[in-house]
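Here is the file query-v7.cif (mmCIF, N, CA and C atoms).
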```cif
data_start
loop_
_atom_site.label_atom_id
_atom_site.label_comp_id
_atom_site.auth_asym_id
_atom_site.auth_seq_id
_atom_site.Cartn_x
_atom_site.Cartn_y
_atom_site.Cartn_z
N MET A 1 -47.97 -8.32 -68.35
CA MET A 1 -46.84 -8.27 -69.24
C MET A 1 -45.82 -9.32 -68.80
N THR A 2 -45.26 -10.00 -69.74
CA THR A 2 -44.30 -11.07 -69.48
C THR A 2 -42.91 -10.49 -69.30
N THR A 3 -42.21 -10.97 -68.29
CA THR A 3 -40.82 -10.57 -68.07
C THR A 3 -39.92 -11.63 -68.69
N ILE A 4 -39.02 -11.18 -69.53
CA ILE A 4 -38.08 -12.08 -70.18
C ILE A 4 -36.67 -11.63 -69.84
N ALA A 5 -35.85 -12.57 -69.40
CA ALA A 5 -34.44 -12.29 -69.15
C ALA A 5 -33.64 -12.96 -70.25
N ILE A 6 -32.68 -12.25 -70.79
CA ILE A 6 -31.79 -12.82 -71.80
C ILE A 6 -30.37 -12.65 -71.28
N VAL A 7 -29.69 -13.77 -71.11
CA VAL A 7 -28.36 -13.74 -70.50
C VAL A 7 -27.36 -14.49 -71.38
N PRO A 8 -26.11 -14.00 -71.39
CA PRO A 8 -25.08 -14.72 -72.14
C PRO A 8 -24.58 -15.91 -71.34
N GLU A 9 -24.21 -16.95 -72.05
CA GLU A 9 -23.58 -18.11 -71.43
C GLU A 9 -22.30 -18.39 -72.19
N HIS A 10 -21.20 -18.35 -71.48
CA HIS A 10 -19.90 -18.58 -72.11
C HIS A 10 -19.62 -20.07 -72.09
N VAL A 11 -19.55 -20.65 -73.27
CA VAL A 11 -19.34 -22.09 -73.41
C VAL A 11 -18.12 -22.28 -74.29
N GLY A 12 -17.09 -22.89 -73.72
CA GLY A 12 -15.86 -23.09 -74.50
C GLY A 12 -15.31 -21.75 -74.94
N ASN A 13 -15.11 -21.60 -76.24
CA ASN A 13 -14.56 -20.36 -76.78
C ASN A 13 -15.64 -19.41 -77.28
N GLY A 14 -16.90 -19.78 -77.16
CA GLY A 14 -17.97 -18.96 -77.70
C GLY A 14 -18.99 -18.55 -76.66
N THR A 15 -19.94 -17.78 -77.12
CA THR A 15 -21.03 -17.33 -76.27
C THR A 15 -22.34 -17.71 -76.91
N THR A 16 -23.22 -18.28 -76.12
CA THR A 16 -24.60 -18.51 -76.54
C THR A 16 -25.47 -17.66 -75.64
N TRP A 17 -26.71 -17.49 -76.03
CA TRP A 17 -27.64 -16.66 -75.27
C TRP A 17 -28.82 -17.50 -74.84
N ARG A 18 -29.28 -17.29 -73.61
CA ARG A 18 -30.43 -18.01 -73.07
C ARG A 18 -31.50 -16.98 -72.74
N ALA A 19 -32.72 -17.22 -73.24
CA ALA A 19 -33.88 -16.38 -72.93
C ALA A 19 -34.77 -17.17 -71.97
N LEU A 20 -35.21 -16.51 -70.91
CA LEU A 20 -36.00 -17.16 -69.87
C LEU A 20 -37.26 -16.35 -69.58
N ALA A 21 -38.38 -17.05 -69.47
CA ALA A 21 -39.65 -16.43 -69.06
C ALA A 21 -40.37 -17.46 -68.21
N GLY A 22 -40.27 -17.31 -66.90
CA GLY A 22 -40.86 -18.30 -66.01
C GLY A 22 -40.22 -19.66 -66.22
N GLU A 23 -41.03 -20.66 -66.52
CA GLU A 23 -40.53 -22.02 -66.74
C GLU A 23 -40.07 -22.25 -68.19
N LYS A 24 -40.32 -21.28 -69.05
CA LYS A 24 -39.97 -21.44 -70.46
C LYS A 24 -38.59 -20.85 -70.72
N GLU A 25 -37.84 -21.51 -71.61
CA GLU A 25 -36.52 -21.00 -71.96
C GLU A 25 -36.12 -21.47 -73.34
N SER A 26 -35.18 -20.74 -73.90
CA SER A 26 -34.63 -21.11 -75.21
C SER A 26 -33.21 -20.57 -75.29
N THR A 27 -32.48 -21.06 -76.28
CA THR A 27 -31.11 -20.57 -76.50
C THR A 27 -30.95 -20.19 -77.96
N GLY A 28 -29.92 -19.40 -78.21
CA GLY A 28 -29.61 -19.01 -79.57
C GLY A 28 -28.20 -18.50 -79.69
N ARG A 29 -27.75 -18.33 -80.93
CA ARG A 29 -26.41 -17.81 -81.17
C ARG A 29 -26.32 -16.32 -80.86
N THR A 30 -27.47 -15.65 -80.89
CA THR A 30 -27.55 -14.23 -80.56
C THR A 30 -28.70 -14.03 -79.56
N ALA A 31 -28.73 -12.87 -78.93
CA ALA A 31 -29.83 -12.57 -78.01
C ALA A 31 -31.15 -12.56 -78.76
N GLY A 32 -31.15 -12.01 -79.96
CA GLY A 32 -32.36 -11.96 -80.77
C GLY A 32 -32.87 -13.35 -81.15
N GLU A 33 -31.95 -14.22 -81.49
CA GLU A 33 -32.34 -15.59 -81.85
C GLU A 33 -32.95 -16.31 -80.65
N ALA A 34 -32.36 -16.12 -79.47
CA ALA A 34 -32.92 -16.74 -78.26
C ALA A 34 -34.29 -16.17 -77.95
N LEU A 35 -34.46 -14.86 -78.13
CA LEU A 35 -35.76 -14.22 -77.89
C LEU A 35 -36.80 -14.73 -78.88
N ASP A 36 -36.44 -14.80 -80.15
CA ASP A 36 -37.38 -15.29 -81.16
C ASP A 36 -37.83 -16.72 -80.85
N ALA A 37 -36.88 -17.56 -80.44
CA ALA A 37 -37.23 -18.95 -80.13
C ALA A 37 -38.14 -19.02 -78.91
N LEU A 38 -37.92 -18.14 -77.95
CA LEU A 38 -38.77 -18.14 -76.76
C LEU A 38 -40.18 -17.65 -77.08
N THR A 39 -40.31 -16.63 -77.90
CA THR A 39 -41.64 -16.08 -78.16
C THR A 39 -42.55 -17.09 -78.85
N THR A 40 -41.98 -18.07 -79.54
CA THR A 40 -42.82 -19.09 -80.16
C THR A 40 -43.47 -19.99 -79.11
N GLN A 41 -42.92 -19.99 -77.89
CA GLN A 41 -43.47 -20.82 -76.80
C GLN A 41 -44.52 -20.08 -75.97
N LEU A 42 -44.65 -18.77 -76.17
CA LEU A 42 -45.54 -17.97 -75.33
C LEU A 42 -46.97 -18.01 -75.84
N SER A 43 -47.91 -17.95 -74.91
CA SER A 43 -49.32 -17.91 -75.27
C SER A 43 -49.71 -16.50 -75.71
N GLU A 44 -50.91 -16.34 -76.22
CA GLU A 44 -51.40 -15.02 -76.63
C GLU A 44 -51.39 -14.04 -75.47
N ASP A 45 -51.70 -14.52 -74.26
CA ASP A 45 -51.70 -13.66 -73.08
C ASP A 45 -50.29 -13.20 -72.70
N GLU A 46 -49.30 -14.01 -73.02
CA GLU A 46 -47.92 -13.71 -72.65
C GLU A 46 -47.16 -12.94 -73.73
N ILE A 47 -47.69 -12.85 -74.90
CA ILE A 47 -46.94 -12.32 -76.04
C ILE A 47 -46.67 -10.82 -75.96
N SER A 48 -47.45 -10.07 -75.18
CA SER A 48 -47.23 -8.64 -75.03
C SER A 48 -46.02 -8.41 -74.14
N THR A 49 -44.91 -8.03 -74.74
CA THR A 49 -43.68 -7.86 -73.98
C THR A 49 -43.02 -6.54 -74.32
N LEU A 50 -42.27 -6.04 -73.38
CA LEU A 50 -41.42 -4.89 -73.57
C LEU A 50 -40.00 -5.39 -73.38
N VAL A 51 -39.16 -5.16 -74.36
CA VAL A 51 -37.79 -5.63 -74.28
C VAL A 51 -36.87 -4.44 -74.08
N ILE A 52 -36.10 -4.48 -73.02
CA ILE A 52 -35.07 -3.47 -72.75
C ILE A 52 -33.74 -4.19 -72.81
N VAL A 53 -32.87 -3.73 -73.65
CA VAL A 53 -31.56 -4.34 -73.78
C VAL A 53 -30.61 -3.60 -72.85
N GLN A 54 -30.05 -4.33 -71.92
CA GLN A 54 -29.12 -3.76 -70.97
C GLN A 54 -27.75 -4.36 -71.21
N ARG A 55 -26.81 -3.53 -71.51
CA ARG A 55 -25.45 -4.03 -71.67
C ARG A 55 -24.95 -4.50 -70.31
N LEU A 56 -24.39 -5.65 -70.28
CA LEU A 56 -23.95 -6.23 -69.01
C LEU A 56 -22.59 -5.65 -68.63
N ARG A 57 -22.63 -4.40 -68.22
CA ARG A 57 -21.42 -3.72 -67.79
C ARG A 57 -21.64 -3.18 -66.39
N PRO A 58 -20.57 -2.95 -65.69
CA PRO A 58 -20.71 -2.39 -64.35
C PRO A 58 -21.41 -1.03 -64.40
N ASP A 59 -22.18 -0.76 -63.38
CA ASP A 59 -22.82 0.54 -63.26
C ASP A 59 -23.01 0.84 -61.79
N ARG A 60 -23.73 1.91 -61.50
CA ARG A 60 -23.91 2.31 -60.10
C ARG A 60 -24.79 1.32 -59.33
N PHE A 61 -25.47 0.44 -60.04
CA PHE A 61 -26.37 -0.52 -59.39
C PHE A 61 -25.72 -1.87 -59.10
N PHE A 62 -24.68 -2.22 -59.87
CA PHE A 62 -23.99 -3.50 -59.69
C PHE A 62 -22.57 -3.31 -60.20
N THR A 63 -21.60 -3.34 -59.29
CA THR A 63 -20.22 -2.94 -59.59
C THR A 63 -19.45 -4.00 -60.39
N ALA A 64 -18.28 -3.60 -60.88
CA ALA A 64 -17.40 -4.52 -61.61
C ALA A 64 -16.98 -5.68 -60.72
N GLU A 65 -16.69 -5.38 -59.46
CA GLU A 65 -16.28 -6.44 -58.53
C GLU A 65 -17.41 -7.43 -58.31
N GLN A 66 -18.63 -6.93 -58.17
CA GLN A 66 -19.78 -7.83 -58.00
C GLN A 66 -19.98 -8.68 -59.24
N ARG A 67 -19.87 -8.07 -60.42
CA ARG A 67 -20.03 -8.82 -61.67
C ARG A 67 -18.98 -9.92 -61.79
N GLN A 68 -17.73 -9.57 -61.48
CA GLN A 68 -16.66 -10.54 -61.60
C GLN A 68 -16.88 -11.71 -60.64
N ARG A 69 -17.24 -11.41 -59.39
CA ARG A 69 -17.46 -12.47 -58.42
C ARG A 69 -18.67 -13.32 -58.79
N LEU A 70 -19.73 -12.67 -59.27
CA LEU A 70 -20.91 -13.41 -59.72
C LEU A 70 -20.53 -14.37 -60.85
N GLY A 71 -19.72 -13.91 -61.79
CA GLY A 71 -19.28 -14.77 -62.89
C GLY A 71 -18.50 -15.98 -62.39
N THR A 72 -17.60 -15.75 -61.45
CA THR A 72 -16.82 -16.84 -60.87
C THR A 72 -17.72 -17.86 -60.18
N LEU A 73 -18.64 -17.35 -59.37
CA LEU A 73 -19.54 -18.25 -58.64
C LEU A 73 -20.49 -18.99 -59.59
N MET A 74 -20.92 -18.34 -60.66
CA MET A 74 -21.80 -19.01 -61.63
C MET A 74 -21.04 -20.13 -62.35
N GLU A 75 -19.77 -19.90 -62.67
CA GLU A 75 -18.97 -20.96 -63.29
C GLU A 75 -18.89 -22.16 -62.35
N ARG A 76 -18.68 -21.91 -61.07
CA ARG A 76 -18.62 -23.00 -60.10
C ARG A 76 -19.98 -23.68 -59.94
N TRP A 77 -21.05 -22.88 -59.98
CA TRP A 77 -22.40 -23.45 -59.89
C TRP A 77 -22.66 -24.38 -61.07
N ARG A 78 -22.27 -23.95 -62.28
CA ARG A 78 -22.47 -24.79 -63.47
C ARG A 78 -21.68 -26.10 -63.34
N ALA A 79 -20.45 -26.01 -62.83
CA ALA A 79 -19.64 -27.21 -62.64
C ALA A 79 -20.31 -28.16 -61.65
N GLU A 80 -20.87 -27.59 -60.58
CA GLU A 80 -21.57 -28.43 -59.61
C GLU A 80 -22.82 -29.04 -60.23
N ARG A 81 -23.56 -28.22 -60.98
CA ARG A 81 -24.78 -28.71 -61.65
C ARG A 81 -24.43 -29.88 -62.59
N ASP A 82 -23.31 -29.77 -63.26
CA ASP A 82 -22.90 -30.81 -64.21
C ASP A 82 -22.20 -31.98 -63.53
N GLY A 83 -22.15 -31.96 -62.19
CA GLY A 83 -21.58 -33.06 -61.44
C GLY A 83 -20.08 -33.09 -61.39
N LYS A 84 -19.43 -31.97 -61.70
CA LYS A 84 -17.97 -31.95 -61.73
C LYS A 84 -17.34 -31.68 -60.37
N ASN A 85 -18.05 -30.97 -59.50
CA ASN A 85 -17.55 -30.74 -58.15
C ASN A 85 -18.67 -30.24 -57.25
N ILE A 86 -18.39 -30.15 -55.97
CA ILE A 86 -19.36 -29.67 -54.98
C ILE A 86 -18.81 -28.37 -54.39
N ARG A 87 -19.65 -27.35 -54.33
CA ARG A 87 -19.23 -26.06 -53.76
C ARG A 87 -19.51 -26.02 -52.27
N PRO A 88 -18.67 -25.28 -51.54
CA PRO A 88 -18.92 -25.10 -50.11
C PRO A 88 -20.21 -24.31 -49.88
N ALA A 89 -20.84 -24.55 -48.73
CA ALA A 89 -22.09 -23.87 -48.39
C ALA A 89 -21.92 -22.35 -48.38
N ALA A 90 -20.76 -21.87 -47.95
CA ALA A 90 -20.51 -20.42 -47.91
C ALA A 90 -20.57 -19.82 -49.33
N GLU A 91 -20.06 -20.54 -50.31
CA GLU A 91 -20.13 -20.05 -51.70
C GLU A 91 -21.57 -20.05 -52.20
N ARG A 92 -22.34 -21.05 -51.83
CA ARG A 92 -23.75 -21.08 -52.23
C ARG A 92 -24.47 -19.86 -51.66
N ALA A 93 -24.21 -19.56 -50.39
CA ALA A 93 -24.85 -18.41 -49.75
C ALA A 93 -24.40 -17.10 -50.40
N GLU A 94 -23.11 -17.00 -50.71
CA GLU A 94 -22.60 -15.79 -51.37
C GLU A 94 -23.24 -15.61 -52.74
N LEU A 95 -23.41 -16.70 -53.47
CA LEU A 95 -24.05 -16.63 -54.78
C LEU A 95 -25.48 -16.12 -54.64
N GLU A 96 -26.21 -16.62 -53.66
CA GLU A 96 -27.59 -16.15 -53.44
C GLU A 96 -27.63 -14.65 -53.16
N VAL A 97 -26.69 -14.17 -52.34
CA VAL A 97 -26.63 -12.74 -52.02
C VAL A 97 -26.35 -11.92 -53.28
N LEU A 98 -25.42 -12.39 -54.11
CA LEU A 98 -25.10 -11.66 -55.34
C LEU A 98 -26.25 -11.69 -56.34
N VAL A 99 -26.94 -12.80 -56.43
CA VAL A 99 -28.09 -12.89 -57.33
C VAL A 99 -29.16 -11.89 -56.87
N GLU A 100 -29.40 -11.83 -55.57
CA GLU A 100 -30.36 -10.86 -55.03
C GLU A 100 -29.90 -9.43 -55.30
N ALA A 101 -28.61 -9.16 -55.15
CA ALA A 101 -28.09 -7.82 -55.41
C ALA A 101 -28.24 -7.45 -56.88
N GLU A 102 -28.00 -8.41 -57.78
CA GLU A 102 -28.18 -8.14 -59.21
C GLU A 102 -29.65 -7.90 -59.53
N LEU A 103 -30.53 -8.66 -58.91
CA LEU A 103 -31.97 -8.45 -59.11
C LEU A 103 -32.38 -7.06 -58.62
N GLU A 104 -31.88 -6.67 -57.46
CA GLU A 104 -32.16 -5.32 -56.94
C GLU A 104 -31.59 -4.26 -57.88
N GLY A 105 -30.38 -4.50 -58.39
CA GLY A 105 -29.78 -3.57 -59.34
C GLY A 105 -30.61 -3.47 -60.61
N ALA A 106 -31.10 -4.60 -61.10
CA ALA A 106 -31.94 -4.60 -62.31
C ALA A 106 -33.23 -3.83 -62.07
N THR A 107 -33.79 -4.00 -60.88
CA THR A 107 -35.01 -3.28 -60.53
C THR A 107 -34.75 -1.78 -60.50
N ARG A 108 -33.68 -1.38 -59.84
CA ARG A 108 -33.34 0.04 -59.76
C ARG A 108 -32.99 0.61 -61.13
N ARG A 109 -32.33 -0.20 -61.96
CA ARG A 109 -31.99 0.22 -63.32
C ARG A 109 -33.27 0.46 -64.12
N ALA A 110 -34.24 -0.46 -64.00
CA ALA A 110 -35.51 -0.32 -64.71
C ALA A 110 -36.27 0.90 -64.22
N GLU A 111 -36.24 1.16 -62.92
CA GLU A 111 -36.88 2.36 -62.39
C GLU A 111 -36.24 3.62 -62.95
N ALA A 112 -34.92 3.61 -63.09
CA ALA A 112 -34.23 4.76 -63.66
C ALA A 112 -34.63 4.98 -65.12
N VAL A 113 -34.76 3.88 -65.88
CA VAL A 113 -35.22 3.99 -67.27
C VAL A 113 -36.62 4.55 -67.32
N LEU A 114 -37.49 4.06 -66.46
CA LEU A 114 -38.87 4.56 -66.40
C LEU A 114 -38.90 6.04 -66.07
N ASP A 115 -38.08 6.46 -65.13
CA ASP A 115 -38.00 7.89 -64.78
C ASP A 115 -37.56 8.72 -65.99
N GLU A 116 -36.60 8.21 -66.75
CA GLU A 116 -36.12 8.92 -67.94
C GLU A 116 -37.20 9.01 -69.01
N LEU A 117 -38.05 7.98 -69.11
CA LEU A 117 -39.11 7.97 -70.12
C LEU A 117 -40.28 8.87 -69.73
N SER A 118 -40.43 9.13 -68.44
CA SER A 118 -41.57 9.91 -67.97
C SER A 118 -41.40 11.39 -68.22
#
```

Target encoding structure tokens, full file:
Amino acid sequence: MTTIAIVPEHVGNGTTWRALAGEKESTGRTAGEALDALTTQLSEDEISTLVIVQRLRPDRFFTAEQRQRLGTLMERWRAERDGKNIRPAAERAELEVLVEAELEGATRRAEAVLDELS
């Protein structure tokens, strides 16, 4: 089964959505549009997917403070990626820790959903 992540990207005054599956990605004005664009890139073997929509709000797995800090660090990462500035190594390390914590939170969240479905 293919894992697809759909994340909002705040650009200027608006929000676009990016869908990611391994090396494949697409964007759209809505999460659904990004997902539809991505599925056209998937092979027959990858097309079997389960989509769980998770509202990006604080929960017991990833707190409001973690979300806020992750957002700040991601904005700085994008600026660095676009060549606008260089982040200190400590911020890079903190970003990695928060990304890992969000991944762990997503895993635990999915396990909780699975428990509820069982």

Quick one, how far is atom CA of Arg60 of chain A from atom CA of Arg109 of chain A?
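We find that atom CA of Arg60 of chain A and atom CA of Arg109 of chain A lie 8.9 Å from each other.
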
I need the output of the PyMOL selection byres (((chain A and resi 10 and name CA) around 12) and name CA) for this file as a PyMOL selection string; which residues are they?
chain A and resi 7-9+11-18+29+71-72+74-75+78

In Å, how far is it from atom N of Thr40 of chain A to atom N of Ile6 of chain A?
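Distance reported for this atom pair: 14.0 Å.
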
Please identify the strand (DSSP E) residues within chain A (assignment by DSSP from backbone atoms) and present them as a PyMOL selection string.
chain A and resi 5-11+14-21+24-28

Taking the file as shown, find all residues satisfying the PyMOL selection byres ((chain A and resi 26) around 8) and write them as a list in words.
Trp17, Arg18, Ala19, Leu20, Ala21, Glu23, Lys24, Glu25, Thr27, Gly28, Glu33, Ala34, Leu35, Asp36, Ala37, Leu38 and Thr39 of chain A

From a DSSP calculation on the backbone, collect every residue of chain A in alpha helix (DSSP H) and output the set as a ChimeraX atom specification.
/A:31-39,64-81,89-117

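Coordinates place atom C of Asp82 of chain A at a distance of 23.8 Å from atom C of Gln66 of chain A.
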